[in-house]
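The next block is work.cif, given as mmCIF, C-alpha atoms.
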```cif
data_structure
loop_
_atom_site.group_PDB
_atom_site.id
_atom_site.type_symbol
_atom_site.label_atom_id
_atom_site.label_comp_id
_atom_site.auth_asym_id
_atom_site.auth_seq_id
_atom_site.Cartn_x
_atom_site.Cartn_y
_atom_site.Cartn_z
ATOM 1 C CA MET T 655 27.768 -11.483 37.102
ATOM 2 C CA ALA T 656 29.975 -14.552 37.395
ATOM 3 C CA VAL T 657 32.821 -14.309 39.896
ATOM 4 C CA ARG T 658 36.049 -15.703 38.534
ATOM 5 C CA ARG T 659 38.476 -17.178 41.021
ATOM 6 C CA SER T 660 41.742 -15.325 40.686
ATOM 7 C CA GLY T 661 44.987 -17.272 40.733
ATOM 8 C CA GLY T 662 43.858 -20.354 38.764
ATOM 9 C CA GLY T 663 46.192 -19.512 35.907
ATOM 10 C CA THR T 664 48.972 -18.782 38.372
ATOM 11 C CA ASP T 665 48.564 -22.234 39.934
ATOM 12 C CA ASN T 666 48.940 -23.926 36.560
ATOM 13 C CA ASP T 667 51.899 -21.723 35.735
ATOM 14 C CA MET T 668 53.494 -22.559 39.076
ATOM 15 C CA ARG T 669 52.975 -26.303 38.575
ATOM 16 C CA LYS T 670 54.538 -26.006 35.129
ATOM 17 C CA ARG T 671 57.504 -24.120 36.569
ATOM 18 C CA VAL T 672 58.009 -26.637 39.372
ATOM 19 C CA PHE T 673 57.823 -29.526 36.914
ATOM 20 C CA LEU T 674 60.249 -27.920 34.469
ATOM 21 C CA LEU T 675 62.709 -26.895 37.192
ATOM 22 C CA THR T 676 62.618 -30.377 38.744
ATOM 23 C CA ALA T 677 63.045 -31.997 35.319
ATOM 24 C CA PHE T 678 65.952 -29.664 34.591
ATOM 25 C CA PHE T 679 67.564 -30.441 37.943
ATOM 26 C CA VAL T 680 67.188 -34.216 37.524
ATOM 27 C CA PHE T 681 68.461 -34.072 33.938
ATOM 28 C CA SER T 682 71.459 -31.965 35.005
ATOM 29 C CA PHE T 683 72.206 -34.320 37.872
ATOM 30 C CA PHE T 684 72.262 -37.389 35.662
ATOM 31 C CA SER T 685 74.233 -35.604 32.925
ATOM 32 C CA ILE T 686 76.860 -34.500 35.446
ATOM 33 C CA SER T 687 76.973 -37.965 37.023
ATOM 34 C CA THR T 688 77.457 -39.561 33.618
ATOM 35 C CA ALA T 689 80.119 -37.021 32.679
ATOM 36 C CA LEU T 690 81.937 -37.541 35.991
ATOM 37 C CA ALA T 691 81.863 -41.287 35.532
ATOM 38 C CA GLN T 692 83.465 -41.023 32.100
ATOM 39 C CA VAL T 693 87.173 -41.535 31.556
ATOM 40 C CA GLN T 694 89.147 -40.524 28.539
ATOM 41 C CA VAL T 695 91.886 -42.948 27.633
ATOM 42 C CA ARG T 696 94.502 -41.977 25.117
ATOM 43 C CA MET T 697 95.572 -45.027 23.209
ATOM 44 C CA ARG T 698 98.496 -45.106 20.824
ATOM 45 C CA VAL T 699 99.465 -48.081 18.702
ATOM 46 C CA ILE T 700 103.217 -47.978 18.112
ATOM 47 C CA GLN T 701 105.212 -50.232 15.843
ATOM 48 C CA ALA T 702 108.677 -50.892 17.239
ATOM 49 C CA SER T 703 111.337 -52.546 15.140
ATOM 50 C CA ASN T 704 115.040 -52.648 14.451
ATOM 51 C CA VAL T 705 114.612 -51.697 10.823
ATOM 52 C CA GLY T 706 116.005 -48.214 10.339
ATOM 53 C CA GLN T 707 116.362 -45.545 12.985
ATOM 54 C CA ASN T 708 113.203 -43.539 12.606
ATOM 55 C CA ILE T 709 111.463 -42.033 15.606
ATOM 56 C CA ASP T 710 108.016 -40.735 14.836
ATOM 57 C CA PRO T 711 107.910 -37.011 15.761
ATOM 58 C CA SER T 712 104.506 -37.514 17.387
ATOM 59 C CA LEU T 713 106.125 -39.901 19.899
ATOM 60 C CA LYS T 714 108.505 -37.277 21.275
ATOM 61 C CA ASP T 715 106.813 -37.294 24.683
ATOM 62 C CA VAL T 716 107.338 -41.051 25.205
ATOM 63 C CA HIS T 717 110.538 -41.465 23.245
ATOM 64 C CA HIS T 718 112.675 -41.210 26.370
ATOM 65 C CA GLU T 719 110.658 -43.915 28.181
ATOM 66 C CA LEU T 720 110.642 -46.166 25.123
ATOM 67 C CA GLY T 721 114.392 -45.715 24.715
ATOM 68 C CA SER T 722 115.098 -46.561 28.346
ATOM 69 C CA LEU T 723 112.839 -49.612 28.327
ATOM 70 C CA PHE T 724 113.416 -51.222 24.958
ATOM 71 C CA SER T 725 116.285 -51.699 22.574
ATOM 72 C CA PHE T 726 114.396 -51.046 19.375
ATOM 73 C CA THR T 727 115.833 -48.510 16.966
ATOM 74 C CA SER T 728 112.654 -47.443 15.194
ATOM 75 C CA TYR T 729 109.286 -46.355 16.560
ATOM 76 C CA ARG T 730 106.368 -45.508 14.314
ATOM 77 C CA LEU T 731 102.913 -44.363 15.371
ATOM 78 C CA LEU T 732 100.346 -46.547 13.620
ATOM 79 C CA ARG T 733 97.251 -45.193 15.228
ATOM 80 C CA GLU T 734 96.162 -42.792 17.928
ATOM 81 C CA GLU T 735 92.733 -42.637 19.485
ATOM 82 C CA THR T 736 91.024 -41.095 22.469
ATOM 83 C CA LEU T 737 88.542 -43.537 23.947
ATOM 84 C CA ARG T 738 85.708 -42.156 26.023
ATOM 85 C CA LEU T 739 84.916 -44.933 28.423
ATOM 86 C CA SER T 740 81.806 -45.291 30.518
ATOM 87 C CA PRO T 741 81.599 -47.897 33.275
ATOM 88 C CA ASN T 742 81.149 -51.434 31.994
ATOM 89 C CA GLN T 743 80.750 -50.406 28.392
ATOM 90 C CA PRO T 744 83.676 -52.060 26.611
ATOM 91 C CA VAL T 745 85.149 -50.446 23.546
ATOM 92 C CA THR T 746 86.679 -52.686 20.921
ATOM 93 C CA ILE T 747 89.082 -51.421 18.323
ATOM 94 C CA THR T 748 91.046 -53.084 15.591
ATOM 95 C CA ALA T 749 94.531 -52.572 16.911
ATOM 96 C CA HIS T 750 96.263 -53.923 13.837
ATOM 97 C CA PRO T 751 95.294 -56.618 11.296
ATOM 98 C CA GLY T 752 94.030 -59.783 12.958
ATOM 99 C CA ARG T 753 94.061 -58.399 16.479
ATOM 100 C CA PHE T 754 91.465 -56.581 18.505
ATOM 101 C CA LEU T 755 91.891 -54.603 21.648
ATOM 102 C CA GLU T 756 88.989 -54.399 24.093
ATOM 103 C CA VAL T 757 89.137 -51.791 26.822
ATOM 104 C CA ASN T 758 86.545 -51.741 29.566
ATOM 105 C CA LEU T 759 86.250 -49.310 32.467
ATOM 106 C CA VAL T 760 85.452 -51.592 35.394
ATOM 107 C CA GLY T 761 85.947 -49.143 38.227
ATOM 108 C CA LEU T 762 86.620 -45.526 38.963
ATOM 109 C CA GLN T 763 88.346 -44.235 42.071
ATOM 110 C CA LYS T 764 89.299 -40.726 43.029
ATOM 111 C CA ASP T 765 92.780 -41.038 41.600
ATOM 112 C CA ALA T 766 92.649 -44.100 39.385
ATOM 113 C CA ALA T 767 90.606 -45.739 36.695
ATOM 114 C CA LYS T 768 90.444 -49.496 36.737
ATOM 115 C CA LEU T 769 90.629 -50.859 33.214
ATOM 116 C CA ARG T 770 90.310 -54.350 31.901
ATOM 117 C CA VAL T 771 92.291 -54.736 28.693
ATOM 118 C CA ARG T 772 92.031 -57.745 26.426
ATOM 119 C CA VAL T 773 94.052 -58.419 23.320
ATOM 120 C CA ILE T 774 92.112 -60.826 21.130
ATOM 121 C CA ARG T 775 93.540 -62.886 18.280
ATOM 122 C CA GLU T 776 91.339 -65.277 16.292
ATOM 123 C CA GLY T 777 88.627 -65.068 18.955
ATOM 124 C CA LYS T 778 91.049 -66.049 21.720
ATOM 125 C CA ASP T 779 92.380 -63.871 24.526
ATOM 126 C CA ILE T 780 96.114 -63.706 24.012
ATOM 127 C CA LEU T 781 96.223 -61.223 26.876
ATOM 128 C CA ASP T 782 93.737 -60.424 29.590
ATOM 129 C CA THR T 783 94.755 -57.930 32.225
ATOM 130 C CA GLN T 784 93.320 -55.476 34.707
ATOM 131 C CA VAL T 785 95.256 -52.309 35.441
ATOM 132 C CA ARG T 786 94.811 -49.203 37.567
ATOM 133 C CA LEU T 787 95.575 -46.165 35.533
ATOM 134 C CA SER T 788 96.142 -42.885 37.315
ATOM 135 C CA PRO T 789 96.643 -39.528 35.633
ATOM 136 C CA GLY T 790 100.231 -39.160 34.445
ATOM 137 C CA ARG T 791 100.895 -42.884 34.398
ATOM 138 C CA THR T 792 101.318 -44.848 31.197
ATOM 139 C CA VAL T 793 100.762 -48.531 30.708
ATOM 140 C CA LEU T 794 102.565 -50.073 27.766
ATOM 141 C CA ILE T 795 101.294 -53.382 26.483
ATOM 142 C CA GLY T 796 103.742 -54.784 23.952
ATOM 143 C CA GLY T 797 104.778 -57.918 22.228
ATOM 144 C CA PRO T 798 102.261 -58.841 19.533
ATOM 145 C CA ARG T 799 104.137 -59.266 16.259
ATOM 146 C CA HIS T 800 103.546 -56.807 13.454
ATOM 147 C CA GLY T 801 105.553 -56.845 10.256
ATOM 148 C CA GLU T 802 109.243 -56.884 11.024
ATOM 149 C CA GLY T 803 108.737 -55.734 14.569
ATOM 150 C CA VAL T 804 106.257 -55.717 17.394
ATOM 151 C CA VAL T 805 103.337 -53.586 18.427
ATOM 152 C CA ILE T 806 103.212 -51.583 21.631
ATOM 153 C CA TYR T 807 99.934 -50.199 22.923
ATOM 154 C CA ALA T 808 100.440 -47.123 25.057
ATOM 155 C CA LEU T 809 97.510 -46.313 27.349
ATOM 156 C CA SER T 810 97.186 -43.221 29.484
ATOM 157 C CA ALA T 811 94.112 -41.852 31.238
ATOM 158 C CA ARG T 812 92.650 -38.390 31.626
ATOM 159 C CA PHE T 813 89.775 -37.672 34.042
ATOM 160 C CA MET U 1176 -6.001 -10.359 35.317
ATOM 161 C CA LYS U 1177 -5.281 -7.324 37.400
ATOM 162 C CA ASN U 1178 -1.704 -7.004 38.649
ATOM 163 C CA SER U 1179 -0.846 -5.318 41.915
ATOM 164 C CA CYS U 1180 1.519 -2.325 42.044
ATOM 165 C CA SER U 1181 3.956 -4.214 44.284
ATOM 166 C CA SER U 1182 4.435 -7.009 41.699
ATOM 167 C CA VAL U 1183 4.842 -4.551 38.818
ATOM 168 C CA SER U 1184 7.041 -2.062 40.651
ATOM 169 C CA THR U 1185 9.977 -4.545 40.573
ATOM 170 C CA LEU U 1186 9.377 -4.858 36.852
ATOM 171 C CA LEU U 1187 9.169 -1.125 36.310
ATOM 172 C CA GLU U 1188 12.899 -0.432 36.505
ATOM 173 C CA LYS U 1189 13.640 -3.208 34.035
ATOM 174 C CA TYR U 1190 10.879 -1.870 31.774
ATOM 175 C CA PHE U 1191 12.394 1.582 32.017
ATOM 176 C CA ASP U 1192 15.848 0.213 31.081
ATOM 177 C CA LEU U 1193 14.318 -1.786 28.178
ATOM 178 C CA GLU U 1194 15.482 -5.026 29.742
ATOM 179 C CA VAL U 1195 12.105 -6.808 29.849
ATOM 180 C CA THR U 1196 10.858 -9.716 27.782
ATOM 181 C CA ASP U 1197 7.832 -9.289 25.488
ATOM 182 C CA GLU U 1198 5.605 -10.925 28.049
ATOM 183 C CA GLU U 1199 6.866 -8.657 30.852
ATOM 184 C CA ARG U 1200 6.527 -5.597 28.639
ATOM 185 C CA PHE U 1201 2.905 -6.533 27.828
ATOM 186 C CA LEU U 1202 2.231 -7.014 31.555
ATOM 187 C CA ALA U 1203 3.850 -3.696 32.537
ATOM 188 C CA GLU U 1204 2.108 -1.671 29.824
ATOM 189 C CA GLY U 1205 -1.286 -3.195 30.711
ATOM 190 C CA HIS U 1206 -0.748 -2.209 34.341
ATOM 191 C CA LEU U 1207 0.496 1.299 33.520
ATOM 192 C CA GLN U 1208 -2.713 2.044 31.572
ATOM 193 C CA ASP U 1209 -4.797 1.479 34.693
ATOM 194 C CA CYS U 1210 -2.418 2.690 37.431
ATOM 195 C CA PRO U 1211 -1.689 6.420 37.750
ATOM 196 C CA ALA U 1212 0.735 5.809 40.652
ATOM 197 C CA CYS U 1213 2.988 3.589 38.553
ATOM 198 C CA ARG U 1214 2.739 6.004 35.628
ATOM 199 C CA ALA U 1215 3.906 8.737 37.994
ATOM 200 C CA ALA U 1216 6.749 6.524 39.197
ATOM 201 C CA LEU U 1217 7.828 5.894 35.605
ATOM 202 C CA LYS U 1218 7.657 9.607 34.842
ATOM 203 C CA SER U 1219 9.833 10.418 37.836
ATOM 204 C CA MET U 1220 12.408 7.897 36.592
ATOM 205 C CA GLU U 1221 12.454 9.637 33.198
ATOM 206 C CA GLU U 1222 12.919 13.007 34.880
ATOM 207 C CA LEU U 1223 15.728 11.645 37.038
ATOM 208 C CA ARG U 1224 17.483 10.311 33.973
ATOM 209 C CA THR U 1225 17.172 13.665 32.238
ATOM 210 C CA TRP U 1226 18.547 15.506 35.278
ATOM 211 C CA MET U 1227 21.497 13.165 35.490
ATOM 212 C CA ARG U 1228 22.238 12.987 31.782
ATOM 213 C CA VAL U 1229 22.961 16.695 31.379
ATOM 214 C CA PRO U 1230 25.702 17.074 34.017
ATOM 215 C CA VAL U 1231 27.251 13.699 33.107
ATOM 216 C CA GLU U 1232 27.429 14.616 29.440
ATOM 217 C CA GLU U 1233 28.960 17.961 30.333
ATOM 218 C CA ALA U 1234 31.549 16.244 32.505
ATOM 219 C CA VAL U 1235 32.364 13.729 29.774
ATOM 220 C CA GLN U 1236 32.879 16.528 27.258
ATOM 221 C CA LYS U 1237 35.374 18.144 29.607
ATOM 222 C CA GLU U 1238 37.358 14.887 30.070
ATOM 223 C CA ASP U 1239 40.192 14.095 27.656
ATOM 224 C CA PHE U 1240 39.657 10.369 27.130
ATOM 225 C CA PRO U 1241 42.165 9.924 24.281
ATOM 226 C CA TRP U 1242 44.838 11.197 26.646
ATOM 227 C CA VAL U 1243 43.803 8.644 29.284
ATOM 228 C CA TRP U 1244 44.017 5.853 26.712
ATOM 229 C CA GLN U 1245 47.416 7.052 25.590
ATOM 230 C CA LYS U 1246 48.580 6.843 29.167
ATOM 231 C CA ILE U 1247 47.195 3.314 29.593
ATOM 232 C CA GLU U 1248 48.760 2.154 26.339
ATOM 233 C CA ARG U 1249 52.109 3.626 27.368
ATOM 234 C CA GLU U 1250 51.964 1.721 30.654
ATOM 235 C CA ILE U 1251 51.145 -1.518 28.804
ATOM 236 C CA ARG U 1252 54.053 -0.947 26.420
ATOM 237 C CA LEU U 1253 56.390 -0.315 29.357
ATOM 238 C CA GLN U 1254 55.302 -3.545 30.989
ATOM 239 C CA LYS U 1255 55.859 -5.462 27.773
ATOM 240 C CA ARG U 1256 59.394 -4.138 27.333
ATOM 241 C CA ARG U 1257 61.099 -6.443 29.832
ATOM 242 C CA THR U 1258 64.647 -7.442 29.225
ATOM 243 C CA TRP U 1259 65.406 -11.129 28.780
ATOM 244 C CA TRP U 1260 67.161 -11.082 32.125
ATOM 245 C CA GLN U 1261 64.107 -9.639 33.893
ATOM 246 C CA SER U 1262 61.895 -12.197 32.185
ATOM 247 C CA LEU U 1263 64.220 -15.016 33.212
ATOM 248 C CA ARG U 1264 64.381 -13.773 36.776
ATOM 249 C CA ALA U 1265 60.618 -13.456 36.912
ATOM 250 C CA TRP U 1266 60.254 -16.971 35.567
ATOM 251 C CA LEU U 1267 62.823 -18.440 37.933
ATOM 252 C CA ASP U 1268 61.458 -16.562 40.908
ATOM 253 C CA VAL U 1269 60.646 -19.331 43.354
ATOM 254 C CA THR U 1270 59.509 -17.171 46.262
ATOM 255 C CA PRO U 1271 55.833 -18.054 45.641
ATOM 256 C CA LEU U 1272 56.841 -21.672 46.230
ATOM 257 C CA PHE U 1273 57.700 -20.897 49.810
ATOM 258 C CA ARG U 1274 54.158 -19.779 50.400
ATOM 259 C CA ARG U 1275 52.850 -23.128 49.218
ATOM 260 C CA LYS U 1276 53.461 -26.722 50.151
ATOM 261 C CA VAL U 1277 55.016 -27.631 46.814
ATOM 262 C CA TRP U 1278 58.469 -27.079 48.296
ATOM 263 C CA ILE U 1279 58.073 -30.261 50.372
ATOM 264 C CA PRO U 1280 58.347 -32.717 47.418
ATOM 265 C CA ALA U 1281 60.983 -30.442 45.839
ATOM 266 C CA VAL U 1282 63.141 -30.556 48.969
ATOM 267 C CA ALA U 1283 62.571 -34.319 49.228
ATOM 268 C CA THR U 1284 63.800 -34.762 45.640
ATOM 269 C CA VAL U 1285 66.895 -32.657 46.318
ATOM 270 C CA VAL U 1286 67.673 -34.621 49.500
ATOM 271 C CA VAL U 1287 67.360 -37.950 47.662
ATOM 272 C CA LEU U 1288 69.595 -36.741 44.844
ATOM 273 C CA LEU U 1289 72.164 -35.407 47.309
ATOM 274 C CA PHE U 1290 72.132 -38.739 49.104
ATOM 275 C CA ILE U 1291 72.751 -40.580 45.834
ATOM 276 C CA SER U 1292 75.489 -38.158 44.780
ATOM 277 C CA THR U 1293 77.185 -38.463 48.191
ATOM 278 C CA GLU U 1294 77.228 -42.220 47.721
ATOM 279 C CA ILE U 1295 78.905 -41.782 44.344
ATOM 280 C CA ILE U 1296 81.451 -39.283 45.702
ATOM 281 C CA LEU U 1297 82.292 -41.476 48.693
ATOM 282 C CA LYS U 1298 82.662 -44.446 46.401
ATOM 283 C CA LYS U 1299 85.354 -42.572 44.510
ATOM 284 C CA THR U 1300 87.455 -41.553 47.512
ATOM 285 C CA PRO U 1301 89.438 -44.694 48.375
ATOM 286 C CA SER U 1302 92.873 -44.766 46.878
ATOM 287 C CA TYR U 1303 95.455 -47.508 46.789
ATOM 288 C CA PRO U 1304 98.365 -47.258 49.174
ATOM 289 C CA ASP U 1305 100.641 -49.526 47.188
ATOM 290 C CA GLY U 1306 102.162 -48.601 43.864
ATOM 291 C CA SER U 1307 100.837 -51.687 42.186
ATOM 292 C CA VAL U 1308 99.218 -50.942 38.865
ATOM 293 C CA VAL U 1309 98.587 -54.370 37.395
ATOM 294 C CA GLU U 1310 95.903 -56.245 39.330
ATOM 295 C CA TYR U 1311 96.094 -59.390 37.280
ATOM 296 C CA VAL U 1312 97.404 -60.545 33.942
ATOM 297 C CA GLU U 1313 96.941 -63.776 32.086
ATOM 298 C CA SER U 1314 97.321 -65.232 28.662
ATOM 299 C CA GLN U 1315 95.788 -68.355 27.203
ATOM 300 C CA SER U 1316 98.679 -68.936 24.839
ATOM 301 C CA ASP U 1317 101.808 -66.960 25.576
ATOM 302 C CA ASN U 1318 104.228 -65.914 28.282
ATOM 303 C CA VAL U 1319 103.697 -62.544 29.870
ATOM 304 C CA MET U 1320 106.121 -60.358 31.774
ATOM 305 C CA VAL U 1321 105.288 -57.288 33.853
ATOM 306 C CA TYR U 1322 107.732 -54.637 34.925
ATOM 307 C CA GLN U 1323 107.320 -51.222 36.322
ATOM 308 C CA LEU U 1324 109.404 -48.071 36.349
ATOM 309 C CA GLU U 1325 108.329 -45.884 39.252
ATOM 310 C CA GLU U 1326 110.474 -42.899 38.287
ATOM 311 C CA GLU U 1327 109.107 -42.868 34.767
ATOM 312 C CA LYS U 1328 105.609 -43.775 35.926
ATOM 313 C CA VAL U 1329 105.494 -46.431 33.260
ATOM 314 C CA THR U 1330 104.263 -49.997 33.558
ATOM 315 C CA VAL U 1331 105.091 -52.504 30.863
ATOM 316 C CA ILE U 1332 103.187 -55.680 30.146
ATOM 317 C CA TRP U 1333 105.106 -57.686 27.612
ATOM 318 C CA LEU U 1334 103.619 -60.572 25.714
ATOM 319 C CA PHE U 1335 106.059 -63.119 24.275
ATOM 320 C CA GLU U 1336 104.013 -64.020 21.274
ATOM 321 C CA GLY U 1337 105.072 -66.577 18.695
ATOM 322 C CA PRO U 1338 105.165 -70.291 17.982
ATOM 323 C CA GLU U 1339 108.785 -70.558 19.002
ATOM 324 C CA GLU U 1340 108.068 -69.193 22.456
ATOM 325 C CA GLU U 1341 107.306 -71.444 25.343
ATOM 326 C CA ARG U 1342 103.489 -71.495 25.632
ATOM 327 C CA THR U 1343 102.697 -71.286 29.275
ATOM 328 C CA THR U 1344 100.462 -68.987 31.184
ATOM 329 C CA THR U 1345 102.113 -66.654 33.589
#
```

Produce structure tokens that represent the structure in this file.
Amino acid sequence: MAVRRSGGGTDNDMRKRVFLLTAFFVFSFFSISTALAQVQVRMRVIQASNVGQNIDPSLKDVHHELGSLFSFTSYRLLREETLRLSPNQPVTITAHPGRFLEVNLVGLQKDAAKLRVRVIREGKDILDTQVRLSPGRTVLIGGPRHGEGVVIYALSARF
Amino acid sequence: MKNSCSSVSTLLEKYFDLEVTDEERFLAEGHLQDCPACRAALKSMEELRTWMRVPVEEAVQKEDFPWVWQKIEREIRLQKRRTWWQSLRAWLDVTPLFRRKVWIPAVATVVVLLFISTEIILKKTPSYPDGSVVEYVESQSDNVMVYQLEEEKVTVIWLFEGPEEERTTT
């Protein structure tokens, strides 16, 4: 009668378990790291002009700031987007015809995200800036002409 | 060729249990024809079997084997009916790992990952003492102005775009 060594199957099962648990742990670690390193930036493209006196209802939360900073009479939301930024992976969007906005997360601190923002017109940087955006703070980049007014990009971070 | 009783006696039990090859059977039967001692030994084996068969068969008749099987099957069914939570716990049970040396590479992996994660966490801790938000700003074509409202927590970067504007870099 052949004597079978008990526990051979258990060894294989154990190796499989260890491998799967380790793989799960490593995968979770990198997923969490990636998620932690991500920053959500809310970007709004606002057209400001002195034509009419319309305030877009969706700009209620920044209307007070806009009113205290600028003397425009009309504010219209052209576009709103939430950008999910990962370190050194720039996101380019068409801000309005002929102009592109490139946002790149270049650094992440405990209480601030460091963003490089470029406004590009005809392949040329008309604005290149690096800002530190903390939660609750808004950076307004304005000035580029659009129609009868100007465009203001409102950037705020969430992380 | 005449075979001795000692060489055939080892074969006799196999012959009795019908476990011999044709050659061995021929050898055993040839020897049994000439050897009364081995014939007597074979006869005593037959008698022993008969004596044992009767009480064993009686005992088997008294036993309720279907009932035993029912009991075994019920136990198997009970073992199979594990809840998903029990199955998961059994699968995730790592106590056997502590009896083996596999925990050494596992602990090493965890330590390395913790070291890396600590580096990442520490990297995120520094904060900026000043309220400055804009680190740098430049334009290849237009004037730029920066102003900041601390109460409103708003920073404005204004680009004076247009051909009529003075084209200098700020």

Please check the contacts: residues of chain U at most 6 Å away from chain T, using all atoms listed in the file, listed as a list in words.
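Every residue meeting the condition is included here: Lys1299, Thr1300, Val1308, Val1309, Glu1310, Tyr1311, Val1312, Glu1313, Ser1314, Gln1315, Ser1316, Lys1328, Val1329, Thr1330, Val1331, Ile1332, Trp1333, Leu1334, Phe1335 and Glu1336 of chain U.
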
Of the residues T:Ala811, T:Ala677, T:Leu731, T:Val745, which is the one nearest to Arg698 of chain T, using only C-alpha atoms?
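Among T:Ala811, T:Ala677, T:Leu731, T:Val745, it is T:Leu731 that comes nearest to Arg698 of chain T.
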
Step by step, work through what the PyMOL selection byres ((chain U and resi 1200-1216) around 10) selects in the shown file, and finish by giving those residues as an MDAnalysis selection string.
chainID U and resid 1176:1184 1186:1191 1193:1199 1217:1222

Atom pair atom CA of Arg812 of chain T + atom CA of Asn758 of chain T, distance 14.8 Å

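Taking atom CA of Tyr729 of chain T and atom CA of Asn708 of chain T as endpoints, the distance between them is 6.2 Å.
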
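Between atom CA of Gln701 of chain T and atom CA of Gly721 of chain T the separation is 13.5 Å.
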
Given only C-alpha atoms as the basis, pick out the residue of T:Pro711, T:His717, T:Val699, T:Ile686 nearest to Phe754 of chain T.
T:Val699

Segment 1310-1316 of chain U: axis-aligned bounding box, 5 Å on each side, centre and edge lengths in Å, one decimal, as AutoDock Vina command-line options:
```
--center_x 97.2 --center_y -62.6 --center_z 32.1 --size_x 12.9 --size_y 22.7 --size_z 24.5
```

T:Ile700, T:Asp715, T:Arg775, T:Gln692: which is nearest Gln743 of chain T, counting only C-alpha atoms?
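Once distances to Gln743 of chain T are computed over only C-alpha atoms, the minimum belongs to T:Gln692.
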